[in-house]
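Novice: Please find protein_13.cif (mmCIF, C-alpha atoms) on the next line:
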```cif
data_work
#
loop_
_atom_site.group_PDB
_atom_site.id
_atom_site.type_symbol
_atom_site.label_atom_id
_atom_site.label_comp_id
_atom_site.auth_asym_id
_atom_site.auth_seq_id
_atom_site.Cartn_x
_atom_site.Cartn_y
_atom_site.Cartn_z
ATOM 1 C CA MET G 11 12.391 -7.619 4.232
ATOM 2 C CA LYS G 12 13.220 -4.055 5.164
ATOM 3 C CA LEU G 13 14.008 -3.237 8.787
ATOM 4 C CA THR G 14 10.989 -0.895 8.762
ATOM 5 C CA ASP G 15 8.739 -3.939 8.112
ATOM 6 C CA ALA G 16 10.280 -6.045 10.889
ATOM 7 C CA THR G 17 8.371 -7.067 14.016
ATOM 8 C CA VAL G 18 9.275 -5.541 17.377
ATOM 9 C CA GLY G 19 10.868 -8.026 19.769
ATOM 10 C CA LYS G 20 12.033 -10.401 17.033
ATOM 11 C CA TYR G 21 15.592 -11.250 16.021
ATOM 12 C CA TYR G 22 17.087 -10.492 12.622
ATOM 13 C CA GLN G 23 20.329 -10.698 10.708
ATOM 14 C CA ILE G 24 21.414 -7.788 8.512
ATOM 15 C CA GLN G 25 21.590 -9.038 4.908
ATOM 16 C CA HIS G 26 21.999 -6.050 2.599
ATOM 17 C CA VAL G 27 22.099 -2.258 2.599
ATOM 18 C CA SER G 28 20.731 -0.552 -0.521
ATOM 19 C CA THR G 29 22.671 2.744 -0.380
ATOM 20 C CA THR G 30 26.079 4.089 0.552
ATOM 21 C CA GLU G 31 24.389 6.335 3.114
ATOM 22 C CA GLY G 32 22.901 3.269 4.794
ATOM 23 C CA GLU G 33 26.262 1.466 4.789
ATOM 24 C CA GLN G 34 27.947 4.503 6.340
ATOM 25 C CA SER G 35 25.275 4.688 9.031
ATOM 26 C CA LEU G 36 25.749 0.998 9.847
ATOM 27 C CA GLU G 37 29.516 1.421 10.015
ATOM 28 C CA LYS G 38 29.215 4.543 12.186
ATOM 29 C CA ASN G 39 27.076 2.582 14.657
ATOM 30 C CA GLY G 40 29.398 -0.431 14.712
ATOM 31 C CA LEU G 41 27.078 -2.667 12.681
ATOM 32 C CA SER G 42 27.860 -4.711 9.591
ATOM 33 C CA LYS G 43 26.250 -7.158 7.184
ATOM 34 C CA GLY G 44 25.692 -10.493 8.885
ATOM 35 C CA GLN G 45 25.258 -8.887 12.323
ATOM 36 C CA LYS G 46 22.478 -10.246 14.521
ATOM 37 C CA ILE G 47 20.094 -7.673 16.021
ATOM 38 C CA ILE G 48 16.802 -7.428 17.882
ATOM 39 C CA LEU G 49 14.250 -4.755 16.983
ATOM 40 C CA LEU G 50 13.371 -3.098 20.314
ATOM 41 C CA GLY G 51 10.786 -0.660 18.951
ATOM 42 C CA LYS G 52 10.294 2.952 17.912
ATOM 43 C CA ASN G 53 10.803 5.987 20.130
ATOM 44 C CA GLU G 54 8.895 9.280 20.270
ATOM 45 C CA GLN G 55 10.864 10.684 17.307
ATOM 46 C CA ASN G 56 9.909 7.595 15.222
ATOM 47 C CA ASN G 57 13.526 6.382 15.220
ATOM 48 C CA TYR G 58 13.966 2.607 15.260
ATOM 49 C CA GLU G 59 15.648 1.212 18.381
ATOM 50 C CA ILE G 60 17.896 -1.761 17.662
ATOM 51 C CA GLY G 61 19.605 -3.968 20.235
ATOM 52 C CA THR G 62 22.919 -5.737 19.782
ATOM 53 C CA PRO G 63 24.761 -7.872 22.332
ATOM 54 C CA VAL G 64 26.668 -4.832 23.563
ATOM 55 C CA ARG G 65 24.432 -1.786 23.071
ATOM 56 C CA ARG G 66 21.274 -0.130 21.792
ATOM 57 C CA ILE G 67 21.245 1.970 18.619
ATOM 58 C CA GLN G 68 18.701 4.379 17.150
ATOM 59 C CA MET G 69 18.211 4.747 13.393
ATOM 60 C CA THR G 70 16.027 7.125 11.430
ATOM 61 C CA PRO G 71 13.144 5.684 9.383
ATOM 62 C CA HIS G 72 14.984 6.794 6.209
ATOM 63 C CA VAL G 73 18.112 4.763 7.021
ATOM 64 C CA SER G 74 16.077 1.851 8.432
ATOM 65 C CA SER G 75 14.197 1.546 5.131
ATOM 66 C CA GLN G 76 17.535 0.960 3.347
ATOM 67 C CA ILE G 77 18.503 -2.024 5.502
ATOM 68 C CA GLU G 78 17.408 -5.498 4.414
ATOM 69 C CA VAL G 79 17.111 -8.062 7.208
ATOM 70 C CA GLU G 80 16.206 -11.719 7.479
ATOM 71 C CA LYS G 81 14.512 -13.359 10.456
ATOM 72 C CA TYR G 82 17.038 -15.103 12.670
ATOM 73 C CA GLU G 83 16.509 -18.260 14.715
ATOM 74 C CA GLU G 84 15.858 -16.930 18.223
ATOM 75 C CA SER G 85 17.036 -19.939 20.201
ATOM 76 C CA THR G 86 20.505 -19.670 18.649
ATOM 77 C CA TYR G 87 20.724 -15.954 19.342
ATOM 78 C CA ARG G 88 19.370 -16.304 22.866
ATOM 79 C CA THR G 89 22.166 -18.547 24.156
ATOM 80 C CA SER G 90 24.641 -15.686 24.515
ATOM 81 C CA HIS G 91 22.761 -12.500 23.721
ATOM 82 C CA LEU G 92 19.527 -10.620 24.231
ATOM 83 C CA CYS G 93 15.952 -11.915 24.324
ATOM 84 C CA SER G 94 12.640 -10.778 25.753
ATOM 85 C CA LEU G 95 11.723 -11.990 29.238
ATOM 86 C CA GLU G 96 8.781 -13.857 27.712
ATOM 87 C CA GLU G 97 11.197 -15.899 25.559
ATOM 88 C CA ALA G 98 13.704 -16.561 28.360
ATOM 89 C CA PRO G 99 14.301 -20.224 29.213
ATOM 90 C CA PHE G 100 12.707 -21.675 32.356
ATOM 91 C CA HIS G 101 14.694 -21.856 35.613
ATOM 92 C CA GLU G 102 17.696 -20.002 34.198
ATOM 93 C CA ALA G 103 18.808 -16.763 35.864
ATOM 94 C CA MET G 104 18.841 -13.863 33.418
ATOM 95 C CA SER G 105 19.904 -10.242 33.883
ATOM 96 C CA ILE G 106 17.586 -7.376 32.934
ATOM 97 C CA ASP G 107 19.227 -5.254 30.236
ATOM 98 C CA TYR G 108 16.489 -2.911 29.029
ATOM 99 C CA ILE G 109 12.770 -2.179 29.277
ATOM 100 C CA ILE G 110 11.151 -1.059 26.019
ATOM 101 C CA GLY G 111 9.172 2.166 26.155
ATOM 102 C CA LYS G 112 9.054 5.395 28.126
ATOM 103 C CA ASP G 113 5.579 5.307 29.619
ATOM 104 C CA SER G 114 3.746 4.583 32.861
ATOM 105 C CA VAL G 115 3.985 0.807 32.303
ATOM 106 C CA LYS G 116 7.785 1.006 32.194
ATOM 107 C CA ARG G 117 7.772 3.126 35.354
ATOM 108 C CA ARG G 118 5.476 0.623 37.107
ATOM 109 C CA LEU G 119 7.733 -2.299 36.122
ATOM 110 C CA MET G 120 10.748 -0.438 37.478
ATOM 111 C CA ASP G 121 8.850 0.365 40.706
ATOM 112 C CA MET G 122 8.341 -3.399 41.138
ATOM 113 C CA GLY G 123 12.131 -3.837 41.204
ATOM 114 C CA LEU G 124 12.718 -4.665 37.539
ATOM 115 C CA THR G 125 15.779 -2.499 36.940
ATOM 116 C CA LYS G 126 18.888 -2.897 34.792
ATOM 117 C CA GLY G 127 21.198 -5.621 36.073
ATOM 118 C CA THR G 128 18.579 -7.291 38.293
ATOM 119 C CA SER G 129 18.592 -11.098 38.251
ATOM 120 C CA ILE G 130 15.259 -12.648 37.215
ATOM 121 C CA THR G 131 14.185 -16.251 36.607
ATOM 122 C CA LYS G 132 11.153 -17.542 34.681
ATOM 123 C CA ILE G 133 9.373 -20.083 36.902
ATOM 124 C CA ASN G 134 5.934 -20.889 35.529
ATOM 125 C CA VAL G 135 3.451 -20.094 32.753
ATOM 126 C CA ALA G 136 -0.334 -20.320 32.923
ATOM 127 C CA PRO G 137 -1.946 -22.999 30.708
ATOM 128 C CA LEU G 138 -2.857 -20.489 27.987
ATOM 129 C CA GLY G 139 0.517 -18.709 28.161
ATOM 130 C CA ASP G 140 -0.647 -15.657 30.103
ATOM 131 C CA PRO G 141 0.308 -14.662 32.804
ATOM 132 C CA ILE G 142 3.928 -15.705 33.437
ATOM 133 C CA GLU G 143 5.478 -16.124 36.902
ATOM 134 C CA PHE G 144 9.028 -14.971 37.703
ATOM 135 C CA SER G 145 11.341 -14.971 40.693
ATOM 136 C CA VAL G 146 13.016 -11.598 41.279
ATOM 137 C CA ARG G 147 14.729 -10.114 44.355
ATOM 138 C CA GLY G 148 13.522 -12.967 46.574
ATOM 139 C CA TYR G 149 9.822 -12.771 45.705
ATOM 140 C CA LYS G 150 7.506 -14.149 43.041
ATOM 141 C CA LEU G 151 6.122 -11.748 40.473
ATOM 142 C CA THR G 152 3.437 -12.456 37.879
ATOM 143 C CA LEU G 153 3.457 -10.429 34.654
ATOM 144 C CA ARG G 154 1.214 -10.364 31.628
ATOM 145 C CA GLN G 155 2.763 -11.674 28.419
ATOM 146 C CA GLU G 156 2.644 -8.162 26.932
ATOM 147 C CA GLU G 157 4.666 -6.797 29.867
ATOM 148 C CA ALA G 158 7.213 -9.637 29.688
ATOM 149 C CA GLN G 159 7.754 -8.922 25.971
ATOM 150 C CA ARG G 160 8.862 -5.372 26.837
ATOM 151 C CA ILE G 161 11.667 -6.528 29.164
ATOM 152 C CA ILE G 162 14.911 -7.419 27.387
ATOM 153 C CA VAL G 163 17.232 -9.764 29.290
ATOM 154 C CA LYS G 164 20.621 -11.371 28.743
ATOM 155 C CA ASP G 165 22.488 -14.350 30.189
ATOM 156 C CA ARG G 166 24.049 -13.761 33.603
#
```
Would you give me this structure, written as structure tokens?
Specialist:
Amino acid sequence: MKLTDATVGKYYQIQHVSTTEGEQSLEKNGLSKGQKIILLGKNEQNNYEIGTPVRRIQMTPHVSSQIEVEKYEESTYRTSHLCSLEEAPFHEAMSIDYIIGKDSVKRRLMDMGLTKGTSITKINVAPLGDPIEFSVRGYKLTLRQEEAQRIIVKDR
């Protein structure tokens, strides 16, 4: 599937690039075929935001449409890289890396103490999966599943 058809918050592996322009763009951004990525979303300029273990990259829709990706097994990727807070393992301290979006919800999450580098642990989930309880900065915080999906964390 093309990167433009990928689902936000899911993990993928780059399989093929259909043009030289696309290959050059990958190379310029430090990406290559076989690289594992997470699709973080789209920004205001409609550029695709991609996360790697070491940084975030933005790509235009034109270049993104030239990149073929394949869904990657999340549990394998999660052990040493990025995942959403919703997908984080229970009772394992994670470090907040990024919050998707630039809106009032992101600001509210940051006001609650969810900032880059903060340690956070998933404690409990309601029977139907929503909401989810976390331990952060010495207190318990309950977030909706939708909010937890927007917070990207990594192993401490």
Novice: Separation of atom CA of Ile24 of chain G and atom CA of Ser42 of chain G, in Å?
Specialist: 7.2 Å
Novice: Any chance you could resolve the PyMOL selection byres ((chain G and resi 113-124) around 12) against this file and give the residues as a PyMOL selection string?
Specialist: chain G and resi 53-54+95+104-112+125-131+144-154+156-163
Novice: What does the PyMOL selection byres ((chain G and resi 21) around 6) select in this file, as a count of residues only?
Specialist: 5
Novice: Report the residues retrieved by the PyMOL selection byres ((chain G and resi 28-38) around 6) from the displayed file, expressed as a list in words.
Specialist: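 Taken on the displayed file, the PyMOL selection byres ((chain G and resi 28-38) around 6) yields the residues Val27, Asn39, Gly40, Leu41, Val73 and Gln76 of chain G.
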Novice: If I take atom CA of Gly19 of chain G and atom CA of His72 of chain G, how far is one from the other in Å, to one decimal?
Specialist: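 Atom CA of Gly19 of chain G sits 20.5 Å away from atom CA of His72 of chain G.
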Novice: In Å, with one decimal, what is the gap from atom CA of Gln55 of chain G to atom CA of Glu78 of chain G?
Specialist: 21.7 Å
Novice: As a list in words, please: the residues near Tyr58 of chain G (cut-off 8 Å, all atoms listed in the file, same-chain neighbours under 2 positions excluded).
Specialist: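 In the requested format, the answer is Thr14, Leu49, Leu50, Gly51, Lys52, Asn53, Asn56, Ile60, Gln68, Met69, Thr70, Pro71 and Ser74 of chain G.
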Novice: Grab all the atoms of segment 116-134 of chain G that the file lists, wrap them in a box along x, y and z, add 4 Å per side, and give me centre plus edge lengths in Å (one decimal) as lines of an AutoDock Vina configuration file.
Specialist:
```
center_x = 13.3
center_y = -8.9
center_z = 36.7
size_x = 23.7
size_y = 32.0
size_z = 17.0
```
Novice: Name the closest residue to Gln45 of chain G among the candidates G:Lys81, G:Ser75, G:Lys12, G:Ala103; distances are taken between atoms, counting all atoms listed in the file.
Specialist: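 Closest to Gln45 of chain G of all the choices is G:Lys81.
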Novice: Since fewer atoms than expected are present, regenerate N, CA and C atoms for segment 106-134 of chain G and write them as an mmCIF file, in the frame of the given file.
Specialist:
```cif
data_model
loop_
_atom_site.group_PDB
_atom_site.id
_atom_site.type_symbol
_atom_site.label_atom_id
_atom_site.label_comp_id
_atom_site.auth_asym_id
_atom_site.auth_seq_id
_atom_site.Cartn_x
_atom_site.Cartn_y
_atom_site.Cartn_z
ATOM 1 N N ILE G 106 18.364 -8.367 33.678
ATOM 2 C CA ILE G 106 17.586 -7.376 32.934
ATOM 3 C C ILE G 106 18.537 -6.381 32.283
ATOM 4 N N ASP G 107 18.375 -6.179 30.980
ATOM 5 C CA ASP G 107 19.227 -5.254 30.236
ATOM 6 C C ASP G 107 18.496 -3.965 29.888
ATOM 7 N N TYR G 108 17.200 -4.063 29.566
ATOM 8 C CA TYR G 108 16.489 -2.911 29.029
ATOM 9 C C TYR G 108 14.992 -3.159 29.105
ATOM 10 N N ILE G 109 14.228 -2.097 29.347
ATOM 11 C CA ILE G 109 12.770 -2.179 29.277
ATOM 12 C C ILE G 109 12.316 -1.265 28.151
ATOM 13 N N ILE G 110 11.594 -1.815 27.191
ATOM 14 C CA ILE G 110 11.151 -1.059 26.019
ATOM 15 C C ILE G 110 10.069 -0.070 26.425
ATOM 16 N N GLY G 111 10.196 1.153 25.937
ATOM 17 C CA GLY G 111 9.172 2.166 26.155
ATOM 18 C C GLY G 111 9.586 3.225 27.159
ATOM 19 N N LYS G 112 8.817 4.285 27.200
ATOM 20 C CA LYS G 112 9.054 5.395 28.126
ATOM 21 C C LYS G 112 7.722 5.874 28.684
ATOM 22 N N ASP G 113 6.918 4.948 29.168
ATOM 23 C CA ASP G 113 5.579 5.307 29.619
ATOM 24 C C ASP G 113 5.333 4.841 31.049
ATOM 25 N N SER G 114 4.100 4.942 31.486
ATOM 26 C CA SER G 114 3.746 4.583 32.861
ATOM 27 C C SER G 114 3.939 3.089 33.128
ATOM 28 N N VAL G 115 3.787 2.245 32.108
ATOM 29 C CA VAL G 115 3.985 0.807 32.303
ATOM 30 C C VAL G 115 5.446 0.533 32.634
ATOM 31 N N LYS G 116 6.360 1.175 31.906
ATOM 32 C CA LYS G 116 7.785 1.006 32.194
ATOM 33 C C LYS G 116 8.088 1.470 33.620
ATOM 34 N N ARG G 117 7.548 2.593 34.003
ATOM 35 C CA ARG G 117 7.772 3.126 35.354
ATOM 36 C C ARG G 117 7.242 2.148 36.412
ATOM 37 N N ARG G 118 6.062 1.582 36.162
ATOM 38 C CA ARG G 118 5.476 0.623 37.107
ATOM 39 C C ARG G 118 6.341 -0.631 37.225
ATOM 40 N N LEU G 119 6.853 -1.128 36.098
ATOM 41 C CA LEU G 119 7.733 -2.299 36.122
ATOM 42 C C LEU G 119 8.997 -2.006 36.927
ATOM 43 N N MET G 120 9.547 -0.815 36.731
ATOM 44 C CA MET G 120 10.748 -0.438 37.478
ATOM 45 C C MET G 120 10.436 -0.280 38.971
ATOM 46 N N ASP G 121 9.264 0.238 39.300
ATOM 47 C CA ASP G 121 8.850 0.365 40.706
ATOM 48 C C ASP G 121 8.728 -1.003 41.382
ATOM 49 N N MET G 122 8.447 -2.044 40.594
ATOM 50 C CA MET G 122 8.341 -3.399 41.138
ATOM 51 C C MET G 122 9.712 -4.049 41.306
ATOM 52 N N GLY G 123 10.785 -3.312 41.016
ATOM 53 C CA GLY G 123 12.131 -3.837 41.204
ATOM 54 C C GLY G 123 12.783 -4.362 39.948
ATOM 55 N N LEU G 124 12.154 -4.182 38.800
ATOM 56 C CA LEU G 124 12.718 -4.665 37.539
ATOM 57 C C LEU G 124 13.595 -3.565 36.942
ATOM 58 N N THR G 125 14.838 -3.515 37.401
ATOM 59 C CA THR G 125 15.779 -2.499 36.940
ATOM 60 C C THR G 125 16.974 -3.164 36.278
ATOM 61 N N LYS G 126 17.731 -2.380 35.531
ATOM 62 C CA LYS G 126 18.888 -2.897 34.792
ATOM 63 C C LYS G 126 19.844 -3.632 35.734
ATOM 64 N N GLY G 127 20.252 -4.823 35.308
ATOM 65 C CA GLY G 127 21.198 -5.621 36.073
ATOM 66 C C GLY G 127 20.567 -6.557 37.092
ATOM 67 N N THR G 128 19.269 -6.441 37.320
ATOM 68 C CA THR G 128 18.579 -7.291 38.293
ATOM 69 C C THR G 128 18.456 -8.719 37.759
ATOM 70 N N SER G 129 18.730 -9.690 38.620
ATOM 71 C CA SER G 129 18.592 -11.098 38.251
ATOM 72 C C SER G 129 17.119 -11.498 38.313
ATOM 73 N N ILE G 130 16.656 -12.219 37.288
ATOM 74 C CA ILE G 130 15.259 -12.648 37.215
ATOM 75 C C ILE G 130 15.201 -14.036 36.579
ATOM 76 N N THR G 131 14.309 -14.879 37.092
ATOM 77 C CA THR G 131 14.185 -16.251 36.607
ATOM 78 C C THR G 131 12.728 -16.552 36.272
ATOM 79 N N LYS G 132 12.501 -17.124 35.099
ATOM 80 C CA LYS G 132 11.153 -17.542 34.681
ATOM 81 C C LYS G 132 10.834 -18.866 35.374
ATOM 82 N N ILE G 133 9.710 -18.893 36.121
ATOM 83 C CA ILE G 133 9.373 -20.083 36.902
ATOM 84 C C ILE G 133 8.220 -20.882 36.309
ATOM 85 N N ASN G 134 7.159 -20.189 35.900
ATOM 86 C CA ASN G 134 5.934 -20.889 35.529
ATOM 87 C C ASN G 134 5.137 -20.069 34.517
#
```
